[in-house]
$ cat protein.txt   # compact mmCIF, C-alpha atoms and all ligand atoms
# COMPACT_ATOMS: atom_id res chain seq x y z
CA MET N 1 -30.24 5.58 -0.36
CA SER N 2 -31.87 2.61 -2.06
CA GLN N 3 -33.02 -0.40 -0.09
CA PRO N 4 -31.93 -3.98 -0.79
CA SER N 5 -34.42 -5.92 -2.87
CA SER N 6 -34.28 -8.88 -0.47
CA ALA N 7 -32.82 -9.66 2.95
CA PRO N 8 -28.99 -9.57 2.82
CA ALA N 9 -27.59 -13.06 2.58
CA VAL N 10 -23.94 -12.31 3.27
CA THR N 11 -22.66 -10.75 6.50
CA VAL N 12 -19.42 -8.80 6.42
CA GLY N 13 -17.65 -8.20 9.72
CA VAL N 14 -15.42 -5.21 10.30
CA LEU N 15 -13.00 -5.45 13.19
CA LYS N 16 -10.92 -2.80 14.89
CA GLU N 17 -7.43 -3.13 13.42
CA THR N 18 -4.84 -4.27 15.96
CA ALA N 19 -1.52 -3.66 14.18
CA PRO N 20 0.62 -1.06 16.00
CA GLY N 21 -0.10 2.45 14.73
CA GLU N 22 -2.90 1.29 12.43
CA GLN N 23 -5.76 3.79 12.44
CA ARG N 24 -7.62 2.75 9.31
CA VAL N 25 -10.84 0.78 9.13
CA ALA N 26 -11.72 -1.50 6.22
CA VAL N 27 -15.31 -0.33 5.70
CA VAL N 28 -16.54 3.24 6.27
CA PRO N 29 -20.18 4.21 6.93
CA GLU N 30 -20.65 5.60 3.42
CA SER N 31 -20.13 2.08 2.05
CA VAL N 32 -22.79 0.40 4.19
CA PRO N 33 -25.79 1.30 1.96
CA LEU N 34 -23.80 0.31 -1.14
CA LEU N 35 -23.06 -3.07 0.42
CA ALA N 36 -26.72 -3.48 1.40
CA ARG N 37 -27.61 -2.95 -2.24
CA ALA N 38 -25.23 -5.77 -3.16
CA GLY N 39 -26.94 -8.05 -0.61
CA VAL N 40 -24.39 -7.59 2.16
CA ARG N 41 -25.16 -6.84 5.83
CA VAL N 42 -22.43 -5.12 7.87
CA LEU N 43 -21.45 -5.99 11.46
CA VAL N 44 -18.94 -3.57 13.00
CA GLU N 45 -16.88 -4.06 16.16
CA THR N 46 -17.47 -1.33 18.74
CA GLY N 47 -15.02 1.49 18.07
CA ALA N 48 -13.66 -0.04 14.84
CA GLY N 49 -13.81 3.27 12.99
CA THR N 50 -13.07 5.65 15.86
CA ALA N 51 -9.38 6.22 15.05
CA ALA N 52 -10.36 7.12 11.47
CA TRP N 53 -13.05 9.53 12.73
CA PHE N 54 -15.99 7.25 11.94
CA PRO N 55 -17.88 6.84 15.25
CA ASP N 56 -20.18 3.88 15.94
CA GLY N 57 -23.24 6.10 15.55
CA ALA N 58 -22.30 6.94 11.95
CA TYR N 59 -22.41 3.22 11.09
CA GLU N 60 -25.69 2.67 12.94
CA ARG N 61 -27.36 5.56 11.14
CA VAL N 62 -26.82 3.84 7.79
CA GLY N 63 -27.99 0.41 8.93
CA ALA N 64 -24.86 -1.37 10.21
CA THR N 65 -24.96 -3.29 13.49
CA ILE N 66 -22.40 -2.52 16.20
CA ALA N 67 -21.32 -5.58 18.18
CA SER N 68 -18.52 -6.96 20.36
CA ARG N 69 -15.40 -8.35 18.69
CA GLU N 70 -16.46 -11.87 19.61
CA ASP N 71 -19.91 -11.43 18.06
CA VAL N 72 -18.47 -9.92 14.88
CA VAL N 73 -16.01 -12.81 14.45
CA GLY N 74 -18.76 -15.33 15.25
CA GLY N 75 -21.45 -13.73 13.09
CA ALA N 76 -19.55 -12.75 9.94
CA ASP N 77 -19.30 -14.84 6.79
CA VAL N 78 -16.56 -12.49 5.60
CA LEU N 79 -14.13 -10.45 7.69
CA ALA N 80 -12.83 -7.39 5.89
CA GLY N 81 -9.53 -6.06 7.24
CA VAL N 82 -6.84 -3.65 6.16
CA GLY N 83 -3.76 -5.87 6.57
CA ALA N 84 -3.26 -9.56 7.28
CA PRO N 85 -5.34 -11.20 10.03
CA PRO N 86 -3.31 -11.25 13.27
CA PRO N 87 -2.43 -14.66 14.80
CA GLU N 88 -5.01 -14.40 17.60
CA LEU N 89 -7.74 -13.81 15.02
CA ILE N 90 -6.62 -16.71 12.83
CA ALA N 91 -7.02 -18.94 15.90
CA GLN N 92 -10.68 -17.88 16.16
CA LEU N 93 -11.63 -18.28 12.51
CA ARG N 94 -13.85 -21.16 11.44
CA ASP N 95 -13.84 -23.45 8.45
CA GLY N 96 -15.44 -21.78 5.43
CA GLN N 97 -15.04 -18.21 6.71
CA VAL N 98 -13.58 -15.65 4.31
CA VAL N 99 -10.97 -13.01 5.21
CA ILE N 100 -10.09 -10.07 3.00
CA GLY N 101 -7.06 -7.81 3.40
CA VAL N 102 -3.69 -6.87 1.95
CA MET N 103 -1.63 -9.81 3.18
CA HIS N 104 1.52 -9.89 1.02
CA PRO N 105 1.45 -13.70 0.82
CA LEU N 106 4.44 -13.76 -1.54
CA VAL N 107 6.50 -12.18 1.20
CA GLN N 108 4.94 -14.16 4.06
CA PRO N 109 3.71 -17.45 2.54
CA GLU N 110 3.55 -19.15 5.96
CA LEU N 111 0.48 -17.08 6.73
CA ALA N 112 -1.25 -18.67 3.72
CA ARG N 113 -0.41 -22.11 5.03
CA GLN N 114 -1.97 -21.26 8.41
CA LEU N 115 -5.11 -19.87 6.80
CA ALA N 116 -5.45 -22.92 4.56
CA ARG N 117 -5.12 -25.19 7.59
CA ALA N 118 -7.91 -23.26 9.30
CA GLY N 119 -10.11 -23.89 6.23
CA VAL N 120 -10.35 -20.16 5.66
CA THR N 121 -10.72 -18.58 2.22
CA ALA N 122 -8.13 -15.79 2.14
CA ILE N 123 -8.47 -12.97 -0.37
CA SER N 124 -5.46 -10.67 -0.61
CA LEU N 125 -5.94 -7.52 -2.64
CA ASP N 126 -2.26 -7.14 -3.47
CA GLY N 127 -2.65 -9.99 -5.95
CA LEU N 128 -5.14 -8.06 -8.06
CA PRO N 129 -4.44 -8.02 -11.82
CA ARG N 130 -4.31 -4.24 -11.90
CA THR N 131 -4.46 -3.76 -15.65
CA VAL N 132 -7.83 -5.54 -15.95
CA SER N 133 -10.29 -2.65 -16.24
CA ARG N 134 -12.94 -4.38 -14.06
CA ALA N 135 -10.32 -4.59 -11.28
CA GLN N 136 -9.42 -0.92 -11.13
CA THR N 137 -12.09 0.08 -8.61
CA MET N 138 -10.78 -2.74 -6.35
CA ASP N 139 -7.14 -1.64 -6.55
CA ALA N 140 -6.19 -1.13 -2.91
CA LEU N 141 -2.46 -0.94 -3.67
CA THR N 142 -3.13 2.10 -5.84
CA SER N 143 -5.57 3.76 -3.45
CA GLN N 144 -3.21 3.39 -0.50
CA ALA N 145 -0.05 4.26 -2.45
CA THR N 146 -1.70 7.52 -3.50
CA VAL N 147 -2.24 8.40 0.16
CA ALA N 148 1.32 7.35 1.04
CA GLY N 149 2.90 9.47 -1.70
CA TYR N 150 0.94 12.54 -0.65
CA LYS N 151 1.66 12.13 3.07
CA ALA N 152 5.38 11.45 2.46
CA VAL N 153 5.78 14.98 1.19
CA LEU N 154 3.91 16.47 4.13
CA VAL N 155 6.07 14.48 6.57
CA ALA N 156 9.22 15.62 4.75
CA ALA N 157 8.11 19.25 4.66
CA ASP N 158 7.18 19.12 8.34
CA THR N 159 10.61 17.74 9.26
CA PHE N 160 12.69 19.92 6.94
CA GLY N 161 13.96 23.10 8.56
CA ARG N 162 13.39 25.35 5.54
CA PHE N 163 10.54 26.24 3.19
CA PHE N 164 9.64 24.07 0.19
CA PRO N 165 8.68 27.03 -2.07
CA MET N 166 10.82 29.97 -3.02
CA LEU N 167 9.69 32.88 -0.88
CA ILE N 168 10.67 36.47 -1.60
CA THR N 169 9.99 38.67 1.40
CA ALA N 170 11.38 41.85 2.99
CA ALA N 171 13.23 39.52 5.36
CA GLY N 172 15.06 37.88 2.48
CA THR N 173 14.66 35.31 -0.26
CA SER N 174 14.56 31.58 0.38
CA ARG N 175 15.56 29.24 -2.38
CA PRO N 176 13.11 26.39 -3.04
CA ALA N 177 13.84 22.97 -1.59
CA SER N 178 15.21 20.46 -4.05
CA VAL N 179 13.39 17.17 -3.74
CA LEU N 180 14.36 13.84 -5.31
CA VAL N 181 11.79 11.05 -5.53
CA LEU N 182 13.14 7.58 -6.27
CA GLY N 183 10.61 5.22 -7.84
CA ALA N 184 7.87 6.59 -10.08
CA GLY N 185 5.01 4.18 -9.45
CA VAL N 186 1.73 5.35 -7.95
CA ALA N 187 3.24 6.63 -4.67
CA GLY N 188 6.26 8.22 -6.32
CA LEU N 189 4.26 10.14 -8.91
CA GLU N 190 1.85 11.36 -6.23
CA ALA N 191 4.81 12.49 -4.11
CA MET N 192 6.35 14.34 -7.07
CA GLY N 193 3.06 16.11 -7.83
CA THR N 194 2.51 17.05 -4.20
CA ALA N 195 6.07 18.38 -3.73
CA HIS N 196 5.72 20.35 -6.97
CA ARG N 197 2.44 21.88 -5.78
CA LEU N 198 4.19 22.90 -2.54
CA GLY N 199 6.72 24.81 -4.63
CA ALA N 200 9.76 22.55 -4.42
CA VAL N 201 12.02 21.87 -7.38
CA VAL N 202 11.35 18.19 -7.98
CA THR N 203 13.40 15.50 -9.68
CA GLY N 204 12.20 11.93 -10.21
CA TYR N 205 13.91 8.68 -11.09
CA ASP N 206 12.79 5.18 -11.95
CA ILE N 207 14.43 2.15 -13.49
CA ARG N 208 11.53 1.84 -15.96
CA PRO N 209 12.16 4.29 -18.85
CA GLU N 210 8.48 4.76 -19.66
CA THR N 211 8.17 6.74 -16.43
CA GLN N 212 10.09 9.61 -17.99
CA GLU N 213 6.95 11.14 -19.51
CA GLN N 214 4.89 10.46 -16.40
CA ILE N 215 7.51 12.22 -14.28
CA ALA N 216 7.43 15.25 -16.59
CA SER N 217 3.61 15.30 -16.46
CA VAL N 218 3.61 15.89 -12.68
CA GLY N 219 6.06 18.79 -12.95
CA ALA N 220 9.31 16.98 -12.15
CA ARG N 221 12.60 16.57 -14.00
CA PHE N 222 13.84 13.10 -14.88
CA LEU N 223 17.09 11.99 -13.29
CA ARG N 224 19.07 10.02 -15.86
CA LEU N 225 21.47 7.35 -14.66
CA THR N 226 23.93 5.96 -17.18
CA SER N 227 25.39 3.08 -15.19
CA VAL N 228 22.31 0.90 -15.13
CA ALA N 229 20.16 -0.29 -18.03
CA PRO N 230 16.33 -0.14 -18.00
CA ALA N 231 14.82 -2.97 -15.94
CA GLU N 232 11.17 -3.48 -16.80
CA GLY N 233 9.67 -6.66 -15.42
CA GLU N 234 6.23 -8.08 -16.09
CA GLY N 235 2.92 -6.23 -15.89
CA GLY N 236 4.41 -2.73 -15.69
CA TYR N 237 6.55 -3.58 -12.64
CA ALA N 238 10.32 -3.38 -12.32
CA ARG N 239 12.44 -6.52 -12.20
CA ALA N 240 14.99 -7.09 -9.45
CA LEU N 241 18.46 -5.88 -10.42
CA THR N 242 21.49 -8.16 -10.40
CA ALA N 243 24.07 -7.52 -7.66
CA GLU N 244 26.35 -5.73 -10.18
CA GLU N 245 23.52 -3.55 -11.50
CA GLN N 246 22.48 -2.69 -7.97
CA ALA N 247 26.03 -1.70 -6.97
CA ALA N 248 26.38 0.49 -10.05
CA GLN N 249 23.03 2.15 -9.39
CA GLN N 250 23.91 2.80 -5.75
CA ALA N 251 27.27 4.32 -6.66
CA GLU N 252 25.81 6.64 -9.30
CA LEU N 253 22.94 7.68 -7.06
CA ALA N 254 25.37 8.37 -4.19
CA ALA N 255 27.15 10.90 -6.37
CA LYS N 256 23.87 12.65 -7.30
CA ILE N 257 22.01 12.57 -3.98
CA ALA N 258 24.33 15.00 -2.18
CA ARG N 259 22.76 18.00 -3.96
CA PHE N 260 19.20 17.28 -2.79
CA ASP N 261 17.62 18.59 0.42
CA VAL N 262 14.92 15.95 0.56
CA VAL N 263 14.90 12.40 -0.82
CA ILE N 264 11.69 10.34 -0.85
CA THR N 265 12.10 6.68 -1.78
CA THR N 266 9.23 4.52 -3.04
CA ALA N 267 10.89 1.66 -4.97
CA GLN N 268 9.40 -1.83 -4.76
CA VAL N 269 9.75 -5.06 -6.69
CA PRO N 270 6.69 -7.34 -6.30
CA GLY N 271 7.22 -10.27 -3.95
CA ARG N 272 10.80 -9.21 -3.08
CA ARG N 273 12.53 -7.25 -0.40
CA PRO N 274 12.63 -3.58 -1.40
CA PRO N 275 15.79 -2.68 -3.34
CA LEU N 276 18.47 -0.73 -1.47
CA LEU N 277 18.97 2.48 -3.43
CA VAL N 278 20.56 4.89 -0.95
CA THR N 279 23.64 3.58 0.84
CA ALA N 280 25.02 4.84 4.15
CA GLU N 281 27.79 6.42 2.07
CA ALA N 282 25.22 8.38 0.05
CA VAL N 283 23.48 9.54 3.24
CA LYS N 284 26.86 10.67 4.59
CA GLY N 285 27.30 12.89 1.55
CA MET N 286 24.09 14.84 2.22
CA GLN N 287 24.02 18.27 3.86
CA THR N 288 23.18 18.69 7.54
CA GLY N 289 19.42 19.23 7.83
CA SER N 290 18.56 17.03 4.84
CA VAL N 291 15.65 14.65 5.18
CA LEU N 292 15.03 11.19 3.73
CA VAL N 293 11.59 9.55 3.83
CA ASP N 294 11.71 5.82 3.08
CA LEU N 295 8.27 4.53 2.09
CA ALA N 296 9.66 1.04 1.62
CA ALA N 297 10.86 0.76 5.23
CA SER N 298 9.56 -2.34 6.98
CA SER N 299 10.92 -5.31 8.89
CA LEU N 300 12.09 -6.57 5.47
CA GLY N 301 14.43 -3.59 5.04
CA GLY N 302 13.96 -0.46 2.98
CA ASN N 303 15.35 1.65 0.14
CA VAL N 304 17.64 3.60 2.47
CA GLU N 305 20.44 1.97 4.45
CA GLY N 306 19.87 2.66 8.14
CA SER N 307 16.15 3.40 7.91
CA VAL N 308 14.06 1.84 10.67
CA ALA N 309 10.34 1.20 10.17
CA ASP N 310 8.15 3.73 11.99
CA GLN N 311 11.11 5.62 13.43
CA MET N 312 13.17 8.69 12.68
CA VAL N 313 16.93 8.15 12.78
CA LEU N 314 19.19 11.18 13.17
CA THR N 315 22.64 10.49 11.76
CA GLY N 316 25.83 11.89 13.25
CA ASP N 317 25.94 14.33 10.30
CA GLY N 318 22.54 15.78 11.11
CA VAL N 319 20.57 13.99 8.38
CA ARG N 320 17.17 12.61 9.33
CA ILE N 321 15.99 9.28 7.92
CA ILE N 322 12.29 8.63 8.40
CA GLY N 323 11.12 5.01 8.08
CA ALA N 324 7.59 5.48 6.77
CA GLY N 325 6.28 2.12 5.61
CA ASN N 326 2.67 2.68 6.66
CA LEU N 327 1.83 6.30 5.93
CA PRO N 328 -1.78 5.56 4.86
CA ALA N 329 -2.44 4.78 8.55
CA GLN N 330 -1.58 8.43 9.28
CA VAL N 331 -4.24 9.76 6.90
CA PRO N 332 -6.87 7.38 8.23
CA SER N 333 -10.12 8.96 7.04
CA ALA N 334 -9.10 9.38 3.41
CA ALA N 335 -7.20 6.10 3.27
CA SER N 336 -10.10 4.18 4.86
CA ALA N 337 -12.66 5.77 2.55
CA ALA N 338 -10.63 4.80 -0.52
CA TYR N 339 -9.94 1.28 0.77
CA SER N 340 -13.60 0.83 1.62
CA HIS N 341 -14.53 1.70 -1.97
CA ASN N 342 -12.13 -1.03 -3.08
CA ILE N 343 -13.81 -3.52 -0.71
CA VAL N 344 -17.30 -2.58 -1.95
CA ALA N 345 -16.20 -3.12 -5.56
CA LEU N 346 -14.66 -6.48 -4.70
CA LEU N 347 -17.71 -7.70 -2.78
CA ALA N 348 -20.09 -6.48 -5.47
CA ASP N 349 -18.14 -8.72 -7.83
CA LEU N 350 -17.97 -11.71 -5.48
CA VAL N 351 -21.57 -11.76 -4.29
CA ARG N 352 -23.63 -13.37 -7.00
CA ASP N 353 -27.30 -14.32 -6.59
CA GLY N 354 -27.14 -13.52 -2.90
CA SER N 355 -24.14 -15.63 -1.97
CA LEU N 356 -20.40 -15.25 -2.07
CA THR N 357 -19.08 -17.18 -5.05
CA ILE N 358 -15.48 -18.31 -5.28
CA ASP N 359 -14.62 -18.96 -8.91
CA LEU N 360 -10.94 -19.58 -9.48
CA ALA N 361 -11.40 -19.45 -13.24
CA ASP N 362 -12.27 -15.76 -12.96
CA GLU N 363 -9.16 -13.68 -13.77
CA ILE N 364 -9.59 -11.35 -10.82
CA GLN N 365 -10.22 -14.12 -8.33
CA ALA N 366 -7.31 -16.09 -9.77
CA GLY N 367 -5.07 -13.25 -8.61
CA VAL N 368 -6.56 -12.52 -5.20
CA VAL N 369 -7.79 -15.84 -3.79
CA ILE N 370 -4.87 -17.30 -1.88
CA THR N 371 -6.44 -20.15 0.06
CA HIS N 372 -9.74 -21.99 -0.37
CA GLN N 373 -11.23 -25.18 1.04
CA GLY N 374 -8.12 -26.06 2.99
CA THR N 375 -5.64 -25.54 0.14
CA VAL N 376 -3.21 -22.81 -0.86
CA VAL N 377 -4.71 -22.28 -4.32
CA HIS N 378 -2.55 -19.39 -5.50
CA PRO N 379 0.16 -21.04 -7.63
CA ALA N 380 2.94 -18.57 -6.84
CA VAL N 381 2.31 -18.77 -3.10
CA ALA N 382 1.96 -22.57 -3.25
CA ALA N 383 5.26 -22.76 -5.12
CA LEU N 384 6.98 -20.78 -2.36
CA LEU N 385 5.62 -23.29 0.13
CA GLY N 386 6.85 -26.16 -2.01
CA SER N 387 3.39 -27.55 -2.70
CA PRO N 388 1.46 -27.54 -6.01
CA ALA N 389 -1.68 -25.38 -6.04
CA GLU N 390 -4.96 -27.20 -6.31
CA GLY N 391 -8.50 -26.22 -7.02
CA GLY N 392 -7.94 -23.65 -9.76
CA SER N 393 -7.52 -23.61 -13.49
CA ARG N 394 -4.56 -21.21 -13.43
P1 LIG N 401 5.68 -0.55 -7.08
O1 LIG N 401 5.12 -0.13 -5.76
O2 LIG N 401 5.83 -2.00 -7.38
O3 LIG N 401 7.13 0.11 -7.24
C1 LIG N 401 7.32 1.50 -7.19
C2 LIG N 401 8.30 1.91 -8.26
O4 LIG N 401 9.60 1.48 -7.91
C3 LIG N 401 8.02 1.32 -9.64
O5 LIG N 401 7.75 2.38 -10.54
C4 LIG N 401 9.29 0.58 -9.97
O6 LIG N 401 9.63 0.66 -11.35
C5 LIG N 401 10.30 1.29 -9.10
N1 LIG N 401 11.55 0.55 -8.87
C6 LIG N 401 11.70 -0.75 -8.51
N2 LIG N 401 13.01 -1.05 -8.40
C7 LIG N 401 13.71 0.09 -8.67
C8 LIG N 401 15.08 0.43 -8.71
N3 LIG N 401 16.02 -0.47 -8.43
N4 LIG N 401 15.42 1.68 -9.04
C9 LIG N 401 14.46 2.61 -9.31
N5 LIG N 401 13.15 2.37 -9.29
C10 LIG N 401 12.76 1.11 -8.96
O7 LIG N 401 4.91 0.18 -8.25
P2 LIG N 401 3.37 0.54 -8.35
O8 LIG N 401 3.13 1.90 -7.86
O9 LIG N 401 2.59 -0.56 -7.73
O10 LIG N 401 3.19 0.57 -9.92
C11 LIG N 401 3.68 -0.55 -10.69
C12 LIG N 401 3.15 -0.47 -12.10
O11 LIG N 401 1.77 -0.73 -12.13
C13 LIG N 401 3.36 0.86 -12.79
O12 LIG N 401 3.71 0.59 -14.13
C14 LIG N 401 2.01 1.48 -12.75
O13 LIG N 401 1.79 2.41 -13.78
C15 LIG N 401 1.16 0.27 -12.93
N6 LIG N 401 -0.20 0.46 -12.46
C16 LIG N 401 -1.18 0.25 -13.35
C17 LIG N 401 -2.48 0.44 -12.93
C18 LIG N 401 -3.58 0.23 -13.91
O14 LIG N 401 -3.33 -0.17 -15.01
N7 LIG N 401 -4.78 0.50 -13.51
C19 LIG N 401 -2.77 0.81 -11.64
C20 LIG N 401 -1.72 0.99 -10.76
C21 LIG N 401 -0.43 0.81 -11.17

$ encode --input "protein.txt" --output "structure tokens" --more "lines below"
Ligand code: NAD
Amino acid sequence: MSQPSSAPAVTVGVLKETAPGEQRVAVVPESVPLLARAGVRVLVETGAGTAAWFPDGAYERVGATIASREDVVGGADVLAGVGAPPPELIAQLRDGQVVIGVMHPLVQPELARQLARAGVTAISLDGLPRTVSRAQTMDALTSQATVAGYKAVLVAADTFGRFFPMLITAAGTSRPASVLVLGAGVAGLEAMGTAHRLGAVVTGYDIRPETQEQIASVGARFLRLTSVAPAEGEGGYARALTAEEQAAQQAELAAKIARFDVVITTAQVPGRRPPLLVTAEAVKGMQTGSVLVDLAASSLGGNVEGSVADQMVLTGDGVRIIGAGNLPAQVPSAASAAYSHNIVALLADLVRDGSLTIDLADEIQAGVVITHQGTVVHPAVAALLGSPAEGGSR
């Protein structure tokens, strides 16, 4: 472990997450020496890492300071969190303080307005320009989606009443489970690969045609729909479908879904509600004992009609729909370690000559800095709030 060349000039505070069911922590002990090298001191709230199996002592051993929540909020220049800062924390923040998290400001722009009013600089990692190579180590959406895709398969396998692999034993032969994964982004491809490794027969579908090869590369078959044309958007994302396209897609999927034992849905369109792919009619057509895992399920809706965030719904036909919008929280050690690497990479980029430098002309910062010096500076978020962005050259 190398020592910092001079006394750290920036203090990062790590609070215990307060969102229901959240077990992750934004910075893990392994990252503390790396942050020290970048000129960053780490203050950790008592018990912040406990739910992710990182006890206070593990932080202290690598040079972090354990303190009360009040002292962390008061002493930190930057507060690193996993999600958006909760309202009671926003009320305690001071002018000039920086908060980092995954805040989805395009979906909840009001939060940006509140943070701007508090004079807080808000950095939201979901705005990262992911194709910029310098940004890839900071890509929290990717790191967490990987965890979600993996865990979705384990949750499905744990809920499903049969085996995933084909098993030939003296007590009989079990046919492999047939698994359909809708959406072949980071989470979807990870889910396909994991289900394939468990021995299931896996099929994948996405509205972006370039995913066909990626689906094949993780051992899955591509599901071809003929009723809906390809729908690439910008930056490798999908665009939102029109109402007619969506209805056609739902109808064609409904006819195909009945033959699958397990359906895992991962479809998202940036800044929008998740698209509804599986209708109640389609769920009705599935066999008793089938399982759906909806990774898009949140208070904004999901990919499966009838899914409820963080709950399992058992339909009258014996089909289970699992609303699983925050699976990374259920793999807290791995998810926290990956997220913490993202935070280290971001801070290493932001701390220049011993101080945190906000530079809205920088292409990474242009994507992630949402509010600064009392203004909502992110143009897309500002536009949603009906006010022009200021302070940047974007
Ligand atoms: P995402 O979470 O935005 O969406 C998940 C998937 O849902 C996407 O593949 C999308 O096409 C699909 N989808 C949306 N609407 C759909 C519909 N109606 N029907 C079927 N599928 C639908 O995606 P993501 O995981 O964040 O990945 C988005 C893109 O970013 C991908 O092209 C990915 O390869 C790319 N990416 C690039 C990098 C990099 O360059 N370093 C890193 C991560 C992701």

$ residues_near_ligand --input "protein.txt" --ligand "ligand LIG 401 (chain N)" --cutoff "8 Å" --atoms "all atoms listed in the file" --output "count of residues only"
42

$ residues_around --input "protein.txt" --residues "Val72 of chain N" --least-positions-apart "2" --cutoff "9 Å" --atoms "all atoms listed in the file" --output "PyMOL selection string"
chain N and resi 12-15+43-45+66-70+74-76+79

$ residues_around --input "protein.txt" --residues "Ala52 of chain N" --least-positions-apart "5" --cutoff "7 Å" --atoms "all atoms listed in the file" --output "JSON, numbers by chain"
{"N": [23, 24, 25, 332, 333]}

$ residues_around --input "protein.txt" --residues "segment 84-89 of chain N" --least-positions-apart "5" --cutoff "7 Å" --atoms "only C-alpha atoms" --output "count of residues only"
3

$ atom_distance --input "protein.txt" --atom1 "atom CA of Leu106 of chain N" --atom2 "atom CA of Ala140 of chain N"
16.6 Å

$ atom_distance --input "protein.txt" --atom1 "atom CA of Gly374 of chain N" --atom2 "atom CA of Ala116 of chain N"
4.4 Å

$ closest_residue --input "protein.txt" --among "N:Ala36, N:Val376, N:Ala200, N:Leu384" --to "Ala112 of chain N" --atoms "all atoms listed in the file"
N:Val376

$ closest_residue --input "protein.txt" --among "N:Phe164, N:Gln311, N:Val28, N:Ala152" --to "Pro176 of chain N" --atoms "only C-alpha atoms"
N:Phe164
